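Undergrad: Contents of protein03.cif (mmCIF, C-alpha atoms and all ligand atoms) are below:
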data_protein
loop_
_atom_site.label_atom_id
_atom_site.label_comp_id
_atom_site.auth_asym_id
_atom_site.auth_seq_id
_atom_site.Cartn_x
_atom_site.Cartn_y
_atom_site.Cartn_z
CA MET A 1343 0.00 0.00 0.00
CA ASP A 1344 1.05 3.53 -0.73
CA GLU A 1345 2.48 4.89 2.49
CA LYS A 1346 1.52 8.43 3.32
CA VAL A 1347 2.78 10.66 6.05
CA CYS A 1348 1.04 13.57 7.69
CA VAL A 1349 2.29 16.95 6.47
CA GLY A 1350 1.67 18.25 9.96
CA CYS A 1351 3.71 16.02 12.23
CA GLY A 1352 5.37 13.54 9.92
CA VAL A 1353 3.70 10.47 11.36
CA LYS A 1354 2.69 7.58 9.08
CA ILE A 1355 -1.03 7.85 8.34
CA GLN A 1356 -3.35 4.96 9.19
CA THR A 1357 -7.11 4.75 8.72
CA GLU A 1358 -7.95 1.89 11.07
CA ASP A 1359 -7.85 3.07 14.69
CA PRO A 1360 -8.97 6.58 15.67
CA SER A 1361 -7.40 6.28 19.10
CA GLU A 1362 -3.94 5.47 17.75
CA ILE A 1363 -1.39 7.86 16.45
CA GLY A 1364 -1.56 8.84 12.75
CA TYR A 1365 -5.27 8.24 12.31
CA ALA A 1366 -7.07 9.99 9.45
CA PRO A 1367 -10.36 9.18 7.76
CA LYS A 1368 -9.94 7.37 4.43
CA ALA A 1369 -10.89 10.48 2.44
CA ALA A 1370 -7.85 12.30 3.81
CA LEU A 1371 -5.55 9.89 1.98
CA GLU A 1372 -6.77 11.15 -1.38
CA LYS A 1373 -5.47 14.62 -0.62
CA GLU A 1374 -2.15 15.66 -2.05
CA GLN A 1375 -1.05 16.85 1.36
CA PRO A 1376 -2.72 14.52 3.81
CA ILE A 1377 -2.95 15.52 7.44
CA CYS A 1378 -3.70 13.31 10.42
CA GLN A 1379 -6.76 13.96 12.52
CA ARG A 1380 -4.72 15.17 15.45
CA CYS A 1381 -3.02 17.88 13.39
CA PHE A 1382 -6.30 18.69 11.68
CA ARG A 1383 -7.99 19.40 14.97
CA LEU A 1384 -5.07 21.42 16.23
CA LYS A 1385 -4.93 23.49 13.06
CA HIS A 1386 -8.62 24.17 12.72
CA TYR A 1387 -9.89 24.07 16.26
CA ASN A 1388 -6.79 24.89 18.33
CA GLU A 1389 -7.47 21.67 20.10
CA ILE A 1390 -5.05 19.00 21.25
CA GLN A 1391 -6.24 15.45 20.90
CA ASP A 1392 -5.11 12.44 22.90
CA VAL A 1393 -2.76 9.97 21.38
CA SER A 1394 -0.86 7.23 23.03
CA LEU A 1395 2.33 5.37 22.37
CA THR A 1396 4.05 2.20 23.36
CA ASN A 1397 6.64 2.24 26.08
CA GLU A 1398 9.55 1.90 23.74
CA ASP A 1399 8.54 4.77 21.48
CA PHE A 1400 7.86 6.90 24.50
CA LEU A 1401 11.32 6.25 25.91
CA LYS A 1402 12.77 7.31 22.56
CA ILE A 1403 11.01 10.63 22.95
CA LEU A 1404 12.27 11.07 26.49
CA HIS A 1405 15.80 10.30 25.34
CA GLY A 1406 15.37 12.87 22.59
CA ILE A 1407 14.51 15.44 25.24
CA GLY A 1408 17.62 14.45 27.20
CA ASN A 1409 19.73 15.37 24.19
CA THR A 1410 18.44 18.92 23.95
CA LYS A 1411 18.25 21.81 26.38
CA ALA A 1412 14.67 22.33 27.45
CA LEU A 1413 12.22 22.68 30.28
CA VAL A 1414 10.18 19.56 31.01
CA VAL A 1415 6.65 19.97 32.35
CA LYS A 1416 5.51 16.71 33.86
CA VAL A 1417 1.78 16.39 34.42
CA VAL A 1418 0.42 13.85 36.89
CA ASP A 1419 -3.09 13.03 38.02
CA ILE A 1420 -3.26 13.99 41.69
CA PHE A 1421 -5.95 11.37 42.14
CA ASP A 1422 -3.66 8.66 40.77
CA PHE A 1423 -0.31 10.21 41.58
CA ASN A 1424 1.74 7.05 41.90
CA GLY A 1425 -0.05 5.26 39.05
CA SER A 1426 0.50 8.15 36.67
CA TRP A 1427 4.16 8.63 37.54
CA ILE A 1428 6.65 7.97 34.73
CA ASN A 1429 9.30 5.80 36.29
CA GLY A 1430 12.90 6.75 35.72
CA ILE A 1431 11.97 10.04 34.07
CA GLN A 1432 14.98 11.85 35.53
CA ARG A 1433 17.36 9.34 34.00
CA PHE A 1434 15.94 9.86 30.53
CA ILE A 1435 15.64 13.60 30.38
CA GLY A 1436 19.19 14.22 31.53
CA TYR A 1437 19.98 17.45 33.31
CA ASN A 1438 16.93 19.29 32.07
CA PRO A 1439 14.89 21.08 34.71
CA VAL A 1440 11.41 19.81 35.51
CA ILE A 1441 8.23 21.44 36.74
CA LEU A 1442 5.82 18.99 38.30
CA ILE A 1443 2.14 19.72 37.80
CA GLY A 1444 -0.53 17.89 39.78
CA ASN A 1445 -3.79 18.05 37.84
CA LYS A 1446 -7.40 17.34 38.86
CA ALA A 1447 -7.06 19.22 42.15
CA ASP A 1448 -10.81 19.85 41.97
CA LEU A 1449 -11.37 16.22 43.00
CA LEU A 1450 -9.71 16.69 46.39
CA PRO A 1451 -11.98 17.58 49.29
CA LYS A 1452 -12.16 21.36 49.66
CA SER A 1453 -10.95 21.13 53.23
CA VAL A 1454 -7.54 19.93 52.05
CA LYS A 1455 -4.85 22.60 52.13
CA LYS A 1456 -3.14 23.14 48.80
CA GLU A 1457 0.23 23.77 50.46
CA LYS A 1458 0.03 20.45 52.24
CA VAL A 1459 -0.63 18.58 49.00
CA ILE A 1460 2.27 20.39 47.34
CA ARG A 1461 4.59 19.43 50.20
CA TRP A 1462 3.40 15.87 49.88
CA MET A 1463 4.01 15.91 46.10
CA LYS A 1464 7.54 17.21 46.66
CA ARG A 1465 8.28 14.41 49.10
CA GLU A 1466 6.84 11.71 46.84
CA ALA A 1467 8.77 13.11 43.84
CA LYS A 1468 11.95 13.00 45.87
CA GLU A 1469 11.33 9.36 46.72
CA TYR A 1470 11.07 8.69 42.99
CA GLY A 1471 14.41 10.47 42.52
CA LEU A 1472 13.05 13.68 41.00
CA THR A 1473 13.72 17.16 42.37
CA PRO A 1474 11.47 19.53 40.44
CA LEU A 1475 12.18 23.26 40.19
CA ASP A 1476 8.63 23.87 41.22
CA VAL A 1477 5.48 21.94 42.07
CA LEU A 1478 2.05 23.26 41.14
CA LEU A 1479 -1.44 22.05 41.83
CA ILE A 1480 -4.05 22.86 39.21
CA SER A 1481 -7.38 21.89 37.75
CA SER A 1482 -7.39 21.96 33.97
CA GLU A 1483 -11.04 21.10 33.90
CA LYS A 1484 -12.01 24.08 36.05
CA GLY A 1485 -9.19 26.33 34.88
CA HIS A 1486 -7.74 26.73 38.37
CA GLY A 1487 -4.04 27.59 38.54
CA ILE A 1488 -3.62 27.75 34.76
CA LYS A 1489 -2.49 31.36 34.60
CA GLU A 1490 0.10 30.73 37.29
CA ALA A 1491 1.26 27.58 35.50
CA ALA A 1492 1.67 29.50 32.23
CA GLU A 1493 3.67 32.19 34.04
CA GLN A 1494 5.89 29.68 35.81
CA ILE A 1495 6.57 27.79 32.60
CA ASP A 1496 7.55 31.01 30.92
CA HIS A 1497 9.72 32.00 33.85
CA TYR A 1498 11.59 28.71 34.18
CA ARG A 1499 12.09 27.94 30.53
CA ASN A 1500 14.64 30.72 30.17
CA GLY A 1501 13.95 31.15 26.49
CA GLU A 1502 14.29 27.40 25.84
CA ASN A 1503 11.75 24.99 24.40
CA VAL A 1504 9.21 23.24 26.61
CA TYR A 1505 8.16 19.58 26.55
CA VAL A 1506 4.92 18.57 28.23
CA VAL A 1507 4.95 14.89 29.23
CA GLY A 1508 2.57 12.63 31.11
CA CYS A 1509 0.69 9.36 31.12
CA THR A 1510 -2.53 9.14 29.16
CA ASN A 1511 -5.55 10.28 31.07
CA VAL A 1512 -3.76 12.64 33.45
CA GLY A 1513 -5.46 15.54 31.67
CA LYS A 1514 -2.48 16.62 29.60
CA SER A 1515 -4.60 17.59 26.57
CA THR A 1516 -7.05 19.50 28.71
CA PHE A 1517 -4.11 21.29 30.30
CA ILE A 1518 -2.46 22.23 27.02
CA ASN A 1519 -5.73 23.43 25.58
CA ARG A 1520 -6.09 25.72 28.58
CA ILE A 1521 -2.51 26.94 28.23
CA LEU A 1522 -3.13 27.62 24.55
CA LYS A 1523 -6.03 29.87 25.40
CA GLU A 1524 -3.93 31.56 28.06
CA VAL A 1525 -0.95 32.30 25.80
CA THR A 1526 -2.63 32.78 22.44
CA GLY A 1527 -6.06 34.15 23.24
CA GLU A 1528 -8.58 32.82 20.77
CA GLY A 1529 -6.61 33.63 17.62
CA ASP A 1530 -5.60 30.93 15.18
CA ILE A 1531 -1.85 31.22 15.48
CA ILE A 1532 -1.17 27.51 15.88
CA THR A 1533 0.84 26.02 13.11
CA THR A 1534 2.00 22.51 12.61
CA SER A 1535 5.05 21.86 10.60
CA HIS A 1536 6.63 18.83 9.11
CA TYR A 1537 10.02 17.52 10.14
CA PRO A 1538 11.03 14.89 7.62
CA GLY A 1539 12.54 11.85 9.16
CA THR A 1540 11.41 12.44 12.72
CA THR A 1541 9.49 9.69 14.38
CA LEU A 1542 8.81 11.67 17.47
CA ASN A 1543 5.24 12.60 16.65
CA LEU A 1544 5.43 15.79 18.60
CA ILE A 1545 2.93 18.55 18.24
CA GLU A 1546 4.52 21.94 18.41
CA ILE A 1547 3.04 25.13 19.61
CA PRO A 1548 5.08 28.26 18.90
CA LEU A 1549 5.80 30.56 21.82
CA ASP A 1550 6.24 34.27 21.23
CA ASP A 1551 10.05 34.34 21.33
CA GLY A 1552 10.51 31.68 18.66
CA ALA A 1553 10.82 28.82 21.14
CA VAL A 1554 8.34 25.96 21.00
CA LEU A 1555 6.10 24.09 23.41
CA TYR A 1556 5.91 20.42 22.47
CA ASP A 1557 3.02 18.18 23.31
CA THR A 1558 4.35 14.63 23.57
CA PRO A 1559 2.10 11.62 23.16
CA GLY A 1560 0.94 10.16 26.46
CA ILE A 1561 2.36 6.91 27.66
CA ILE A 1562 -0.24 4.33 28.51
CA ASN A 1563 -0.40 3.46 32.15
CA ASP A 1564 -1.01 -0.28 32.04
CA HIS A 1565 -1.63 -0.60 35.73
CA GLN A 1566 -4.82 1.42 35.86
CA MET A 1567 -8.24 0.13 36.66
CA ALA A 1568 -9.61 1.76 33.49
CA HIS A 1569 -8.19 -1.06 31.35
CA PHE A 1570 -10.38 -3.62 33.01
CA ILE A 1571 -13.80 -2.09 32.90
CA ASP A 1572 -16.37 -1.68 30.18
CA LYS A 1573 -15.96 1.52 28.15
CA ARG A 1574 -19.47 2.54 29.15
CA ASP A 1575 -18.43 2.53 32.81
CA LEU A 1576 -15.27 4.56 32.35
CA LYS A 1577 -16.98 7.76 33.37
CA LEU A 1578 -17.50 6.26 36.80
CA LEU A 1579 -13.72 6.29 37.19
CA SER A 1580 -13.25 9.83 35.80
CA PRO A 1581 -15.14 11.85 38.35
CA LYS A 1582 -15.85 15.48 37.58
CA LYS A 1583 -16.73 16.53 41.11
CA GLU A 1584 -15.03 16.74 44.46
CA ILE A 1585 -14.68 13.28 46.00
CA LYS A 1586 -16.56 12.96 49.26
CA PRO A 1587 -14.54 10.93 51.74
CA ARG A 1588 -16.57 8.03 53.16
CA VAL A 1589 -15.67 6.90 56.66
CA PHE A 1590 -16.24 3.38 57.99
CA GLN A 1591 -15.70 2.24 61.55
CA LEU A 1592 -14.42 -1.27 61.04
CA ASN A 1593 -13.92 -4.13 63.42
CA GLU A 1594 -11.22 -6.68 62.80
CA ARG A 1595 -12.17 -9.22 60.12
CA GLN A 1596 -14.50 -6.92 58.22
CA THR A 1597 -14.36 -6.32 54.48
CA LEU A 1598 -15.18 -3.41 52.19
CA TYR A 1599 -16.02 -3.88 48.52
CA PHE A 1600 -15.59 -0.95 46.12
CA GLY A 1601 -18.26 -1.88 43.61
CA GLY A 1602 -16.88 -5.18 42.38
CA LEU A 1603 -13.57 -3.59 41.37
CA ALA A 1604 -11.56 -3.91 44.53
CA ARG A 1605 -11.76 -5.08 48.11
CA LEU A 1606 -10.15 -4.29 51.45
CA ASP A 1607 -10.00 -6.78 54.30
CA TYR A 1608 -9.31 -5.24 57.68
CA ILE A 1609 -7.51 -8.03 59.49
CA LYS A 1610 -5.89 -6.74 62.65
CA GLY A 1611 -5.44 -3.56 64.69
CA GLY A 1612 -8.59 -3.19 66.80
CA ARG A 1613 -11.68 -1.14 65.93
CA SER A 1614 -10.59 1.67 63.62
CA SER A 1615 -11.91 4.23 61.18
CA ILE A 1616 -11.00 3.81 57.54
CA VAL A 1617 -11.49 6.76 55.19
CA CYS A 1618 -12.27 5.95 51.55
CA TYR A 1619 -11.41 8.36 48.72
CA ILE A 1620 -13.21 6.49 45.99
CA PRO A 1621 -15.38 8.18 43.30
CA ASN A 1622 -18.83 8.99 44.72
CA SER A 1623 -20.51 6.97 41.97
CA ILE A 1624 -18.93 3.70 43.16
CA ASP A 1625 -20.89 2.06 45.98
CA ILE A 1626 -18.99 0.73 48.96
CA HIS A 1627 -20.32 -2.40 50.68
CA ARG A 1628 -19.30 -3.62 54.07
CA THR A 1629 -19.48 -7.27 55.04
CA LYS A 1630 -17.88 -9.78 57.36
CA LEU A 1631 -14.64 -11.31 56.18
CA GLU A 1632 -16.03 -14.85 56.31
CA LYS A 1633 -18.94 -13.87 54.07
CA ALA A 1634 -16.90 -11.82 51.61
CA ASP A 1635 -15.99 -14.53 49.09
CA HIS A 1636 -19.54 -15.79 48.90
CA LEU A 1637 -20.93 -12.29 48.41
CA TYR A 1638 -18.53 -11.70 45.54
CA ALA A 1639 -19.28 -15.05 43.91
CA THR A 1640 -23.04 -14.49 44.02
CA HIS A 1641 -23.43 -10.73 43.60
CA LEU A 1642 -20.72 -9.56 41.24
CA GLY A 1643 -22.31 -7.48 38.47
CA GLU A 1644 -25.42 -6.77 40.56
CA LEU A 1645 -24.91 -5.48 44.09
CA LEU A 1646 -21.18 -5.27 43.45
CA THR A 1647 -20.91 -3.23 40.26
CA PRO A 1648 -19.04 -2.24 38.09
CA PRO A 1649 -18.28 -4.57 36.36
CA ARG A 1650 -21.73 -4.64 34.78
CA LYS A 1651 -23.49 -8.00 34.52
CA GLU A 1652 -22.56 -8.78 30.94
CA ALA A 1653 -18.90 -7.98 31.67
CA VAL A 1654 -18.54 -10.25 34.70
CA GLU A 1655 -17.29 -13.19 32.62
CA SER A 1656 -14.32 -11.29 31.27
CA PHE A 1657 -13.54 -9.37 34.46
CA PRO A 1658 -10.20 -10.53 35.91
CA GLU A 1659 -9.97 -12.23 39.25
CA LEU A 1660 -9.07 -10.07 42.24
CA VAL A 1661 -5.66 -10.82 43.70
CA PRO A 1662 -4.55 -10.07 47.29
CA HIS A 1663 -1.81 -7.68 48.43
CA GLU A 1664 -0.94 -7.73 52.12
CA PHE A 1665 0.12 -4.63 54.03
CA THR A 1666 1.26 -4.03 57.57
CA ILE A 1667 0.91 -0.39 58.57
CA ASN A 1668 3.33 0.75 61.22
CA GLY A 1669 3.68 4.28 62.53
CA LYS A 1670 1.85 7.22 60.95
CA LYS A 1671 -1.32 6.90 58.87
CA LYS A 1672 -0.91 5.57 55.35
CA ASP A 1673 -2.88 5.39 52.11
CA ILE A 1674 -3.49 2.12 50.31
CA VAL A 1675 -3.82 3.13 46.66
CA PHE A 1676 -5.71 1.24 43.97
CA SER A 1677 -4.31 2.70 40.76
CA GLY A 1678 -6.99 4.54 38.82
CA LEU A 1679 -9.70 3.90 41.39
CA GLY A 1680 -8.70 5.87 44.49
CA TRP A 1681 -7.33 5.15 47.94
CA VAL A 1682 -8.20 4.38 51.54
CA THR A 1683 -6.49 5.97 54.50
CA ILE A 1684 -5.61 3.67 57.38
CA HIS A 1685 -4.96 5.37 60.70
CA ASP A 1686 -1.85 4.98 62.80
CA GLY A 1687 -0.54 1.43 63.02
CA PRO A 1688 0.18 -1.26 63.84
CA LYS A 1689 -2.56 -2.56 61.56
CA ARG A 1690 -2.83 -5.33 59.03
CA VAL A 1691 -4.96 -5.20 55.87
CA VAL A 1692 -5.25 -7.15 52.65
CA ALA A 1693 -6.15 -5.14 49.53
CA TYR A 1694 -7.52 -6.88 46.45
CA ALA A 1695 -7.59 -5.62 42.88
CA PRO A 1696 -7.60 -7.20 39.43
CA LYS A 1697 -4.25 -8.72 38.57
CA ASP A 1698 -2.08 -6.05 36.86
CA VAL A 1699 -3.79 -3.16 38.66
CA HIS A 1700 -1.15 -1.60 40.83
CA VAL A 1701 -1.87 -1.57 44.55
CA GLY A 1702 0.57 0.28 46.78
CA VAL A 1703 1.07 2.02 50.09
CA ARG A 1704 2.26 5.60 50.58
CA HIS A 1705 2.41 8.40 53.15
CA SER A 1706 -1.09 9.69 53.66
CA LEU A 1707 -1.96 12.54 51.29
CA ILE A 1708 -4.72 14.03 53.40
P1 LIG B 1801 -4.72 13.08 28.49
O1 LIG B 1801 -4.91 11.67 28.04
O2 LIG B 1801 -3.66 13.17 29.53
O3 LIG B 1801 -4.51 14.04 27.39
O4 LIG B 1801 -6.05 13.47 29.28
P2 LIG B 1801 -7.36 14.29 28.86
O5 LIG B 1801 -7.06 15.74 28.79
O6 LIG B 1801 -8.00 13.67 27.69
O7 LIG B 1801 -8.23 14.03 30.18
C1 LIG B 1801 -8.53 12.72 30.65
C2 LIG B 1801 -9.79 12.73 31.49
O8 LIG B 1801 -9.57 13.49 32.67
C3 LIG B 1801 -10.97 13.39 30.80
O9 LIG B 1801 -12.13 12.68 31.19
C4 LIG B 1801 -10.98 14.80 31.36
O10 LIG B 1801 -12.26 15.37 31.33
C5 LIG B 1801 -10.51 14.55 32.75
N1 LIG B 1801 -9.82 15.73 33.31
C6 LIG B 1801 -8.81 16.45 32.74
N2 LIG B 1801 -8.43 17.45 33.55
C7 LIG B 1801 -9.20 17.36 34.67
C8 LIG B 1801 -9.30 18.12 35.90
O11 LIG B 1801 -8.58 19.10 36.14
N3 LIG B 1801 -10.24 17.68 36.80
C9 LIG B 1801 -11.05 16.62 36.58
N4 LIG B 1801 -11.94 16.29 37.54
N5 LIG B 1801 -10.98 15.89 35.46
C10 LIG B 1801 -10.08 16.25 34.51
#
Show how you would write the structure in this file as structure tokens.
Ligand code: GDP
TA:
Amino acid sequence: MDEKVCVGCGVKIQTEDPSEIGYAPKAALEKEQPICQRCFRLKHYNEIQDVSLTNEDFLKILHGIGNTKALVVKVVDIFDFNGSWINGIQRFIGYNPVILIGNKADLLPKSVKKEKVIRWMKREAKEYGLTPLDVLLISSEKGHGIKEAAEQIDHYRNGENVYVVGCTNVGKSTFINRILKEVTGEGDIITTSHYPGTTLNLIEIPLDDGAVLYDTPGIINDHQMAHFIDKRDLKLLSPKKEIKPRVFQLNERQTLYFGGLARLDYIKGGRSSIVCYIPNSIDIHRTKLEKADHLYATHLGELLTPPRKEAVESFPELVPHEFTINGKKKDIVFSGLGWVTIHDGPKRVVAYAPKDVHVGVRHSLI
């Protein structure tokens, strides 16, 4: 087949999968200068569209950044901070400075102090080996903190180019679209240009001093709950409103089910309150540990949903992860679903999630 590349970004055009890079409708191929849908939307609507890449291609991009002098803006989802972290990022981007942006701040309870979350983000980043120049907390959806982010980016880039990186679904596109409005107003000054021979698939947005802001494709976060649920239920996992913490006073040997997606067994530590930061639309059921397996076997897809009934067959089995909490309160995080806060230890819990969904423990965020 005749191979065509997009005159916008240089990527090979494909007509099969709209969610993959290089997609264009068949009619676009007949054009002398074909353009992929992503560039089309950017050019005509000033709108960045999601694309995703495999790990290997993504690492190539990060390496590419390491070989130039630039400011890196790393966007993470504050609601899935650890799950949306890009491991080893510092190693790949070399000595380039990084600004860390926590997005979706609107989901945190209003009572939470922004400064505290920022301190927490700094500490977590440090544990991952990253020392950002600055840490910001924003909501791209609501437009909170965007102006400040645009100013900080401009301040720290020192006339150099900017690369925005992040996992898919952290809200990177929403963020860049906001930044575009902030720096360009409504005017159509976005251009896309073709770099022959590049395979980087970067979208470039010119800044006023001739430097460029690059949108990099998002890397897919394989450990997220979203991969295991029906597309129609995805919106349950992408809340648009502040998450209301739900508090349970649990006795030893009691279990909580989060829909049918995950489970927490409280094993040892005396009567204790457990605070759940799980999207409001997911029901939480409490039961006794000895009844928990039976409840799941008989009520998955009904009382315990999502998964929805017709998706129960293909829903992966839940696998256990044991945690002993010592010292200060900790969060048990189910990647892409939320977290539960366990108060000061010693306490023992077992957290269940579908195989491949990352379950971890961290210093309590709230
Ligand atoms: P990308 O894959 O990183 O480019 O992410 P998108 O910009 O497509 O956003 C992924 C999902 O997160 C969408 O459902 C957005 O509506 C949602 N989202 C993005 N930013 C925010 C935010 O600040 N708050 C909330 N609550 N949701 C957001």
Undergrad: Grab the atom CA of Gly1487 of chain A to atom CA of Leu1679 of chain A distance for me, in Å with one decimal place.
TA: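 It comes out at 24.5 Å.
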Undergrad: Rank A:Glu1584, A:Glu1372, A:Glu1469, A:Asp1399 by their smallest atom-to-atom distance to ligand LIG 1801 (chain B), using all atoms listed in the file, and report the top residue only.
TA: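 The shortest atom-to-atom distance to ligand LIG 1801 (chain B) comes from A:Glu1584.
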Undergrad: Ranking A:Asp1422, A:Glu1374, A:Asp1448, A:Glu1398 by minimum distance to ligand LIG 1801 (chain B) and counting only C-alpha atoms and all ligand atoms, which one comes first?
TA: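 Among the listed residues, the smallest separation from ligand LIG 1801 (chain B) belongs to A:Asp1448.
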Undergrad: Write as a PyMOL selection string the residues around ligand LIG 1801 (chain B), taking 7 Å as the cut-off and counting all atoms listed in the file.
TA: chain A and resi 1391-1392+1445-1449+1480-1484+1508-1517+1560+1580-1583
Undergrad: Here is a test: counting all atoms listed in the file, which residue of A:Met1463, A:Ile1684, A:Ile1626, A:Leu1606 is nearest to Leu1660 of chain A?
TA: A:Leu1606
Undergrad: Pick out the residues sitting within 8 Å of Arg1704 of chain A, and hand them over as a list in words; count all atoms listed in the file, and ignore anything fewer than 5 positions along from it in its own chain.
TA: Lys1672, Asp1673, Ile1674 and Val1675 of chain A
Undergrad: The centre and edge lengths of an axis-aligned box containing all atoms of segment 1590-1598 of chain A present in the file, extended by 3 Å on each side, are to be given in Å to one decimal, as JSON.
TA:
{"center_x": -13.7, "center_y": -2.9, "center_z": 57.8, "size_x": 11.0, "size_y": 18.6, "size_z": 17.2}
Undergrad: Show me, as a ChimeraX atom specification, the residues that have an atom within 10 Å of Val1682 of chain A when counting all atoms listed in the file, minus same-chain residues fewer than 5 positions from it.
TA: /A:1587-1589,1606,1616-1620,1672-1676,1693,1703,1706
Undergrad: Could you pull out every residue with an atom within 9 Å of (-5.1, 11.7, 10.7), file coordinates, counting all atoms listed in the file, and send them as an MDAnalysis selection string?
TA: chainID A and resid 1348 1353:1357 1360 1363:1367 1370:1371 1376:1382
Undergrad: Name all residues at most 6 Å from Arg1605 of chain A (count all atoms listed in the file; drop same-chain ones fewer than 4 positions away) and give them as a ChimeraX atom specification.
TA: /A:1598-1600,1693-1694
Undergrad: Quick one: write out the picked residues with C-alpha atoms as an mmCIF file, keeping the file's coordinate frame?
TA:
data_model
loop_
_atom_site.group_PDB
_atom_site.id
_atom_site.type_symbol
_atom_site.label_atom_id
_atom_site.label_comp_id
_atom_site.auth_asym_id
_atom_site.auth_seq_id
_atom_site.Cartn_x
_atom_site.Cartn_y
_atom_site.Cartn_z
ATOM 1 C CA LEU A 1598 -15.180 -3.410 52.190
ATOM 2 C CA TYR A 1599 -16.020 -3.880 48.520
ATOM 3 C CA PHE A 1600 -15.590 -0.950 46.120
ATOM 4 C CA ALA A 1693 -6.150 -5.140 49.530
ATOM 5 C CA TYR A 1694 -7.520 -6.880 46.450
#
Undergrad: Counting all atoms listed in the file, note down every residue that has an atom within 7 Å of the point (6.7, 16.6, 22.9) (file coordinates), as a VMD selection string.
TA: chain A and resid 1505 to 1507 1544 to 1545 1556 to 1559
Undergrad: Have a look at atom CA of Val1477 of chain A and atom CA of Ile1547 of chain A and let me know their distance in Å, one decimal.
TA: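 Atom CA of Ile1547 of chain A lies at a distance of 22.8 Å from atom CA of Val1477 of chain A.
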Undergrad: Could you please determine the separation between atom CA of Leu1442 of chain A and atom CA of Ala1412 of chain A in Å, to one decimal place?
TA: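 Between these atoms lies a distance of 14.4 Å.
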Undergrad: For Gly1436 of chain A, please output as a VMD selection string all residues within 10 Å (counting only C-alpha atoms; exclusion window: fewer than 3 positions along the same chain).
TA: chain A and resid 1404 to 1411 1431 to 1433 1439
Undergrad: Using all atoms listed in the file, can you tell me which of A:Trp1462, A:Tyr1470, A:Phe1590, A:Phe1400 comes closest to Asn1429 of chain A?
TA: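 Between A:Trp1462, A:Tyr1470, A:Phe1590, A:Phe1400, the residue approaching Asn1429 of chain A most closely is A:Tyr1470.
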